[in-house]
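**Student:** Let me begin by handing over the structure; questions about it come next.
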Amino acid sequence: MTSRSSGILLGYSLFILSLLLISCSSSEEFSGFSYDPEGVTVTTDKEIQPQHKRRIGVDGGSIWASNEFAGARMSDFYQVNDTLYRVVIEPENHPINNSPWYAFKIWSDTNKTIDLQLKYKHGKHRYIPKLSNNGNQWRPIDTTKVRTDTTTGTATFELKVSAEPLWIAAQELLTWHSYRRWADSLASQHWVTLDTVGYSHQQRPIVKMNITQTEKDQSRGVLIITGRLHPPEVTGALASQIFINELTADTPLASQFRSEFEVWAYPFANPDGVQQGHWRHNAGGVDLNRDWKSFNQPETKAIRDDLAQIKDDTLRKVYYGIDFHSTDENIFYPINREIDTFPDDFTFHWIDSLKKAFPDYPVEVEAFDTSSPITKNWIYHTFGADGVTYELNDRANRDSLRTVTQKSARIIMRQLLDEKKKRKKPTK
Ligand SMILES: [Zn+2]
């Protein structure tokens with residue numbers, strides 16, 4: 001090879017390399033994940049369709065349906081033929097992610113067996129109907145009896161209705177009152193304090209739970225927890241509560257953890273969306289987990305401003321962030337291994353331990369870079385800390401969800417304690 005041709009080759013290689021670098025550049029603006037609707041990163045207020053709260057009687061006023069409770073979503077109810085009745089469910093606005101939440105009550109003057117159809121506007125059936133006689137205890141419907149039509153997106157099932165109202169919802173109802181009850185019961189322990197860090201669009205408090213047993217002037221690690229940014233993601237919400245229950249438990253591990261760490265938790269980050277039975281958004285019509293760059297929404301702003309206090313705090317160092325969600329599988333989204341975080345690759349290490357503990361439990365892992373405007377990426381960009389988006393399957397068995405999440409919490413506490421020990425300077 002002559003020096004001239006190798007020179008041309010070198011120039012050509014550099015040209016290709018620079019093309020590759022341009023196409024891989026992270027400076028390209030993030031515009032949404034594959035499942036996101038267009039415009040998801042525009043987080044200024046969008047118009048929402050208020051839900052008309054009412055009870056609707058059909059069949060000469062003999063069968064009734066109602067959305068007059070917190071967390072409900074039902075847009076219309078009517079009789080199609082002798083046996084078929086249809087509930088229409090519309091989102092708060094659209095385009096929107098396909099998380100078609102529904103919740104309503106139904107009753108009848110006389111005992112009857114009917115066919116009930118769920119019909120969605122701007123979405124397709126996703127959540128297995130859960131039934132309840134009191135709004136507190138829920139049982140999933142037998143899925144073999146639910147007939148779904150993938151073209152129209154409807155789901156139809158047989159239902160026995162009577163004078164006693166039957167609650168039907170996409171998932172267990174976990175609304176403001178149950179959160180408040182849970183938070184208050186934890187706060188009876190002296191290592192848990194509650195605080196209001198701001199207010200939602202509709203003036204509901206954004207509650208922060210602080211968990212620690214550190215001394216006043218003691219340096220401590222910080223674990224950040226966020227949850228329920230997306231209203232229908234109830235399995236993620238259940239997991240966040242189980243996880244926090246472990247951190248606040250009266251056990252040797254948890255109390256050791258609390259003597260070295262402080263937890264800043266915001267487990268109910270979208271109270272308006274939950275109370276209004278939204279599919280995805282807050283009362284500003286925005287996906288709150290795409291607002292962690294622009295901060296146009298009061299809920300994300302409140303949490304950011306509260307956490308920002310830690311930035312120059314010499315006593316507090318953020319070690320980790322966990323953001324709880326749900327999707328159609330158990331999946332953890334860590335930060336790419338190529339990106340240096342503190343502690344580095346923390347997520348991968350605890351997932352390895354979790355998989356060893358539950359070799360048969362299905363858990364997927366998919367790492368991402370930190371370009372998207374989501375909670376964990378803001379934590380990384382602000383504090384350099386590692387973080388994870390912790391997604392539970394919508395259909396997760398609630399007992400195994402509990403067992404696995406308790407174990408996760410214990411592994412994470414142990415690993416965080418180890419990481420903190422590594423950092424401790426030897427005393428002179
Ligand atoms: Zn989510």
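Chain labels run A, B, ... following the order of the structure tokens; each chain numbers its residues from 1, and ligands are numbered from 1 in the order shown.
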Would you pick out the contacts of Ile63 (chain A) at 6 Å or less, using only C-alpha atoms, so that residues sharing its chain but fewer than 2 positions from it are not included, and give the list as a short mmCIF file (atom, residue, chain, number, x, y, z; two decimals) with C-alpha atoms, in the first residue's frame?
**Tutor:**
data_model
loop_
_atom_site.label_atom_id
_atom_site.label_comp_id
_atom_site.auth_asym_id
_atom_site.auth_seq_id
_atom_site.Cartn_x
_atom_site.Cartn_y
_atom_site.Cartn_z
CA GLY A 57 -79.97 4.86 34.53
CA VAL A 58 -80.86 2.70 31.50
CA GLY A 61 -84.24 3.15 35.02
CA TRP A 107 -76.32 -1.90 40.20
CA SER A 108 -79.78 -3.04 39.21
#
**Student:** With only C-alpha atoms and all ligand atoms counted, collect every polymer residue having an atom within 6 Å of ligand 1; state the result as a PyMOL selection string.
**Tutor:** chain A and resi 230+325-326
**Student:** Quick check for you: according to DSSP on this backbone, which residues of region 196-332 of chain A are classed as helix (DSSP H, G or I)? Reply as a PyMOL selection string.
**Tutor:** chain A and resi 234-248+252-260+271-275+288-290+298-308
**Student:** Any idea what's packed within 9 Å of Asp291 (chain A), counting only C-alpha atoms, ignoring anything in its chain fewer than 3 positions away? Could you give it as a PyMOL selection string?
**Tutor:** chain A and resi 41-44+286-288+294-297+300-301+373-375
**Student:** If you count only C-alpha atoms, which residues fall within 7 Å of Phe243 (chain A), apart from same-chain ones fewer than 6 positions away, as a PyMOL selection string?
**Tutor:** chain A and resi 405-406+409
**Student:** Write out as JSON lines a residue-level contact list of region 240-357 of chain A versus region 93-100 of chain A with cut-off 10 Å: for each qualifying residue the closest pair of atoms and the distance in Å to one decimal, counting only C-alpha atoms, rows sorted by chain and residue number upward.
**Tutor:**
{"residue": "A:Gly277", "atom": "CA", "partner": "A:Pro100", "partner_atom": "CA", "distance": 9.7}
{"residue": "A:His278", "atom": "CA", "partner": "A:Pro100", "partner_atom": "CA", "distance": 8.4}
{"residue": "A:Trp279", "atom": "CA", "partner": "A:Ser99", "partner_atom": "CA", "distance": 5.3}
{"residue": "A:Arg280", "atom": "CA", "partner": "A:Ser99", "partner_atom": "CA", "distance": 6.7}
{"residue": "A:His281", "atom": "CA", "partner": "A:Asn93", "partner_atom": "CA", "distance": 8.4}
{"residue": "A:Gly285", "atom": "CA", "partner": "A:Asn93", "partner_atom": "CA", "distance": 6.6}
{"residue": "A:Val286", "atom": "CA", "partner": "A:Asn93", "partner_atom": "CA", "distance": 9.2}
{"residue": "A:Asp287", "atom": "CA", "partner": "A:Ile96", "partner_atom": "CA", "distance": 8.9}
{"residue": "A:Thr327", "atom": "CA", "partner": "A:Ser99", "partner_atom": "CA", "distance": 9.0}
**Student:** Go ahead and dump the residues you just picked, N, CA, C and O atoms, as a PDB file, in the first residue's frame.
**Tutor:**
ATOM      1  N   GLY A 277     -59.212   9.968  38.033  1.00  0.00           N
ATOM      2  CA  GLY A 277     -59.262   8.764  37.195  1.00  0.00           C
ATOM      3  C   GLY A 277     -58.615   8.955  35.831  1.00  0.00           C
ATOM      4  O   GLY A 277     -59.092   8.448  34.825  1.00  0.00           O
ATOM      5  N   HIS A 278     -57.506   9.691  35.799  1.00  0.00           N
ATOM      6  CA  HIS A 278     -56.817   9.936  34.523  1.00  0.00           C
ATOM      7  C   HIS A 278     -56.099   8.687  34.018  1.00  0.00           C
ATOM      8  O   HIS A 278     -55.709   7.830  34.797  1.00  0.00           O
ATOM      9  N   TRP A 279     -55.887   8.640  32.730  1.00  0.00           N
ATOM     10  CA  TRP A 279     -55.139   7.537  32.121  1.00  0.00           C
ATOM     11  C   TRP A 279     -53.635   7.705  32.296  1.00  0.00           C
ATOM     12  O   TRP A 279     -52.892   6.732  32.386  1.00  0.00           O
ATOM     13  N   ARG A 280     -53.175   8.949  32.310  1.00  0.00           N
ATOM     14  CA  ARG A 280     -51.729   9.153  32.269  1.00  0.00           C
ATOM     15  C   ARG A 280     -51.275  10.487  32.882  1.00  0.00           C
ATOM     16  O   ARG A 280     -50.231  10.556  33.507  1.00  0.00           O
ATOM     17  N   HIS A 281     -52.067  11.517  32.667  1.00  0.00           N
ATOM     18  CA  HIS A 281     -51.579  12.880  32.882  1.00  0.00           C
ATOM     19  C   HIS A 281     -52.010  13.474  34.221  1.00  0.00           C
ATOM     20  O   HIS A 281     -52.838  12.902  34.932  1.00  0.00           O
ATOM     21  N   GLY A 285     -52.868  18.173  32.045  1.00  0.00           N
ATOM     22  CA  GLY A 285     -52.921  17.396  30.805  1.00  0.00           C
ATOM     23  C   GLY A 285     -51.556  16.921  30.323  1.00  0.00           C
ATOM     24  O   GLY A 285     -51.366  16.642  29.135  1.00  0.00           O
ATOM     25  N   VAL A 286     -50.600  16.803  31.255  1.00  0.00           N
ATOM     26  CA  VAL A 286     -49.202  16.546  30.873  1.00  0.00           C
ATOM     27  C   VAL A 286     -48.685  15.259  31.533  1.00  0.00           C
ATOM     28  O   VAL A 286     -49.034  14.940  32.669  1.00  0.00           O
ATOM     29  N   ASP A 287     -47.837  14.533  30.808  1.00  0.00           N
ATOM     30  CA  ASP A 287     -47.151  13.364  31.351  1.00  0.00           C
ATOM     31  C   ASP A 287     -46.033  13.862  32.270  1.00  0.00           C
ATOM     32  O   ASP A 287     -45.019  14.396  31.806  1.00  0.00           O
ATOM     33  N   THR A 327     -45.993  -1.556  33.948  1.00  0.00           N
ATOM     34  CA  THR A 327     -46.171  -1.734  32.507  1.00  0.00           C
ATOM     35  C   THR A 327     -46.628  -3.170  32.269  1.00  0.00           C
ATOM     36  O   THR A 327     -47.186  -3.784  33.173  1.00  0.00           O
TER      37      THR A 327
END
**Student:** What's the 10 Å shell around Arg258 (chain A), counting only C-alpha atoms, without same-chain residues fewer than 6 positions away, as a list in words?
**Tutor:**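 Everything that qualifies: Trp191, Ile211, Thr212, Gln213, Thr214, Arg220, Gly221, Leu247, Thr248, Pro252, Met413 and Leu417 of chain A.
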**Student:** What's the 12 Å shell around region 133-145 of chain A, counting only C-alpha atoms, without same-chain residues fewer than 5 positions away, as a compact mmCIF listing (two decimals) with N, CA and C atoms, in the first residue's frame?
**Tutor:**
# COMPACT_ATOMS: atom_id res chain seq x y z
N PHE A 69 -67.34 8.93 42.50
CA PHE A 69 -66.41 8.65 43.60
C PHE A 69 -64.99 8.98 43.13
N ALA A 70 -64.09 9.15 44.08
CA ALA A 70 -62.70 9.50 43.75
C ALA A 70 -62.04 8.37 42.98
N GLY A 71 -61.36 8.72 41.93
CA GLY A 71 -60.64 7.74 41.12
C GLY A 71 -61.48 7.15 40.00
N ALA A 72 -62.76 7.52 39.95
CA ALA A 72 -63.66 6.93 38.94
C ALA A 72 -63.34 7.45 37.54
N ALA A 103 -63.10 3.07 36.12
CA ALA A 103 -63.61 2.68 37.44
C ALA A 103 -65.02 3.24 37.55
N PHE A 104 -65.96 2.38 37.89
CA PHE A 104 -67.36 2.82 38.03
C PHE A 104 -68.10 1.81 38.90
N LYS A 105 -69.29 2.20 39.31
CA LYS A 105 -70.15 1.30 40.08
C LYS A 105 -71.36 0.97 39.23
N ILE A 106 -71.88 -0.24 39.42
CA ILE A 106 -73.07 -0.64 38.65
C ILE A 106 -74.02 -1.38 39.57
N TRP A 107 -75.32 -1.17 39.42
CA TRP A 107 -76.32 -1.90 40.20
C TRP A 107 -77.63 -1.96 39.43
N ASP A 115 -74.46 -8.75 29.77
CA ASP A 115 -73.15 -8.64 29.13
C ASP A 115 -72.74 -7.18 29.23
N LEU A 116 -71.57 -6.95 29.79
CA LEU A 116 -71.08 -5.58 29.90
C LEU A 116 -69.89 -5.39 28.97
N ARG A 126 -56.85 -2.89 28.07
CA ARG A 126 -55.55 -3.33 28.59
C ARG A 126 -55.67 -3.99 29.96
N TYR A 127 -56.42 -3.40 30.89
CA TYR A 127 -56.42 -3.88 32.28
C TYR A 127 -57.53 -4.89 32.55
N ILE A 128 -57.18 -6.00 33.18
CA ILE A 128 -58.16 -7.02 33.56
C ILE A 128 -59.12 -6.41 34.59
N ALA A 155 -63.72 -4.87 25.33
CA ALA A 155 -63.71 -6.09 26.15
C ALA A 155 -65.14 -6.29 26.65
N THR A 156 -65.62 -7.55 26.56
CA THR A 156 -66.99 -7.84 26.96
C THR A 156 -67.00 -9.03 27.91
N PHE A 157 -67.79 -8.94 28.97
CA PHE A 157 -67.87 -10.04 29.92
C PHE A 157 -69.25 -10.08 30.56
N GLU A 158 -69.57 -11.30 31.07
CA GLU A 158 -70.84 -11.49 31.72
C GLU A 158 -70.76 -10.99 33.16
N LEU A 159 -71.86 -10.43 33.62
CA LEU A 159 -71.83 -9.84 34.96
C LEU A 159 -73.18 -10.04 35.63
N LYS A 160 -73.12 -10.47 36.90
CA LYS A 160 -74.35 -10.55 37.69
C LYS A 160 -74.52 -9.23 38.42
N VAL A 161 -75.64 -8.58 38.16
CA VAL A 161 -75.89 -7.31 38.85
C VAL A 161 -77.09 -7.44 39.78
N SER A 162 -77.03 -6.69 40.86
CA SER A 162 -78.11 -6.74 41.84
C SER A 162 -78.27 -5.36 42.47
N ALA A 163 -79.09 -5.27 43.48
CA ALA A 163 -79.32 -3.97 44.13
C ALA A 163 -78.07 -3.49 44.88
N GLU A 164 -77.19 -4.45 45.21
CA GLU A 164 -75.96 -4.06 45.89
C GLU A 164 -74.94 -3.57 44.85
N PRO A 165 -74.48 -2.32 44.97
CA PRO A 165 -73.56 -1.79 43.95
C PRO A 165 -72.28 -2.63 43.85
N LEU A 166 -71.88 -2.86 42.62
CA LEU A 166 -70.65 -3.60 42.33
C LEU A 166 -69.66 -2.60 41.74
N TRP A 167 -68.46 -2.58 42.31
CA TRP A 167 -67.42 -1.68 41.79
C TRP A 167 -66.63 -2.45 40.75
N ILE A 168 -66.36 -1.79 39.64
CA ILE A 168 -65.55 -2.40 38.58
C ILE A 168 -64.45 -1.41 38.24
N ALA A 169 -63.20 -1.88 38.30
CA ALA A 169 -62.08 -0.95 38.03
C ALA A 169 -60.94 -1.69 37.35
N ALA A 170 -60.08 -0.90 36.71
CA ALA A 170 -58.93 -1.45 35.98
C ALA A 170 -57.93 -2.09 36.93
N GLN A 171 -57.80 -1.52 38.13
CA GLN A 171 -56.94 -2.05 39.19
C GLN A 171 -57.58 -1.68 40.52
N GLU A 172 -57.01 -2.18 41.61
CA GLU A 172 -57.47 -1.78 42.92
C GLU A 172 -57.49 -0.25 43.01
N LEU A 173 -58.51 0.29 43.67
CA LEU A 173 -58.55 1.75 43.85
C LEU A 173 -57.61 2.13 44.98
N LEU A 174 -56.62 2.92 44.65
CA LEU A 174 -55.65 3.34 45.65
C LEU A 174 -55.57 4.86 45.53
N THR A 175 -56.47 5.54 46.24
CA THR A 175 -56.61 6.97 46.05
C THR A 175 -56.06 7.73 47.26
N HIS A 177 -57.21 9.03 49.97
CA HIS A 177 -57.53 8.67 51.36
C HIS A 177 -56.74 7.45 51.83
N SER A 178 -56.58 6.47 50.97
CA SER A 178 -55.82 5.30 51.42
C SER A 178 -54.33 5.64 51.55
N ASP A 394 -48.45 -5.05 35.22
CA ASP A 394 -49.86 -4.74 35.56
C ASP A 394 -50.55 -5.95 36.15
N ARG A 395 -50.17 -7.13 35.65
CA ARG A 395 -50.85 -8.36 36.04
C ARG A 395 -50.09 -9.13 37.10
N ALA A 396 -49.11 -8.51 37.71
CA ALA A 396 -48.28 -9.21 38.71
C ALA A 396 -49.16 -9.84 39.78
N ASN A 397 -48.84 -11.07 40.13
CA ASN A 397 -49.47 -11.70 41.27
C ASN A 397 -49.13 -10.86 42.50
N ARG A 398 -50.15 -10.46 43.24
CA ARG A 398 -49.91 -9.49 44.31
C ARG A 398 -49.06 -10.08 45.44
**Student:** Pick out the closest residue to Gln117 (chain A) from this set: A:Val197, A:Val222, A:Val80, A:Ile379. Count only C-alpha atoms.
**Tutor:**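 Looking at the shortest contact to Gln117 (chain A), the residue is A:Val80.
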**Student:** Taking into account only C-alpha atoms, which residue in the set A:Gln79, A:Gln51, A:Thr251, A:Asn270 is nearest to Ala237 (chain A)?
**Tutor:** A:Asn270
**Student:** Tell me, in Å to one decimal, how far CA of Pro232 (chain A) is from CA of Trp101 (chain A).
**Tutor:**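 Separation of CA of Pro232 (chain A) and CA of Trp101 (chain A): 5.9 Å.
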**Student:** Find the residues near Phe348 (chain A): any atom within 12 Å, counting only C-alpha atoms, skip ones fewer than 6 places away on the same chain, and give them as a PyMOL selection string.
**Tutor:** chain A and resi 332-337+341+354-355+364-367+386-388+411-412+415
**Student:** Quick one: write out the picked residues with C-alpha atoms as a PDB file, in the first residue's frame?
**Tutor:**
ATOM      1  CA  PHE A 332     -36.027  -2.490  35.504  1.00  0.00           C
ATOM      2  CA  TYR A 333     -34.604   0.400  33.524  1.00  0.00           C
ATOM      3  CA  PRO A 334     -31.099   1.160  34.840  1.00  0.00           C
ATOM      4  CA  ILE A 335     -28.700   3.783  33.558  1.00  0.00           C
ATOM      5  CA  ASN A 336     -26.263   2.457  30.926  1.00  0.00           C
ATOM      6  CA  ARG A 337     -23.127   0.878  32.331  1.00  0.00           C
ATOM      7  CA  THR A 341     -22.707   7.123  38.268  1.00  0.00           C
ATOM      8  CA  LEU A 354     -32.430 -10.354  43.351  1.00  0.00           C
ATOM      9  CA  LYS A 355     -32.203 -12.791  40.443  1.00  0.00           C
ATOM     10  CA  GLU A 364     -36.280  -7.980  32.443  1.00  0.00           C
ATOM     11  CA  VAL A 365     -33.549  -5.351  32.387  1.00  0.00           C
ATOM     12  CA  GLU A 366     -33.122  -2.683  29.745  1.00  0.00           C
ATOM     13  CA  ALA A 367     -30.553   0.068  30.195  1.00  0.00           C
ATOM     14  CA  ASP A 386     -27.370   6.094  40.091  1.00  0.00           C
ATOM     15  CA  GLY A 387     -31.084   5.429  39.736  1.00  0.00           C
ATOM     16  CA  VAL A 388     -33.661   3.029  38.399  1.00  0.00           C
ATOM     17  CA  ILE A 411     -30.873  -5.974  49.240  1.00  0.00           C
ATOM     18  CA  ILE A 412     -30.823  -2.257  48.462  1.00  0.00           C
ATOM     19  CA  GLN A 415     -25.850  -2.572  49.449  1.00  0.00           C
TER      20      GLN A 415
END
**Student:** As JSON, numbers by chain, please: all residues of region 193-411 of chain A that backbone DSSP puts in strand (DSSP E).
**Tutor:** {"A": [193, 194, 195, 196, 197, 198, 199, 205, 206, 207, 208, 209, 210, 211, 212, 220, 221, 222, 223, 224, 225, 226, 227, 261, 262, 263, 264, 265, 266, 316, 317, 318, 319, 320, 321, 322, 323, 324, 325, 326, 327, 331, 332, 333, 334, 364, 365, 386, 387, 388, 389, 390, 391, 392, 393]}
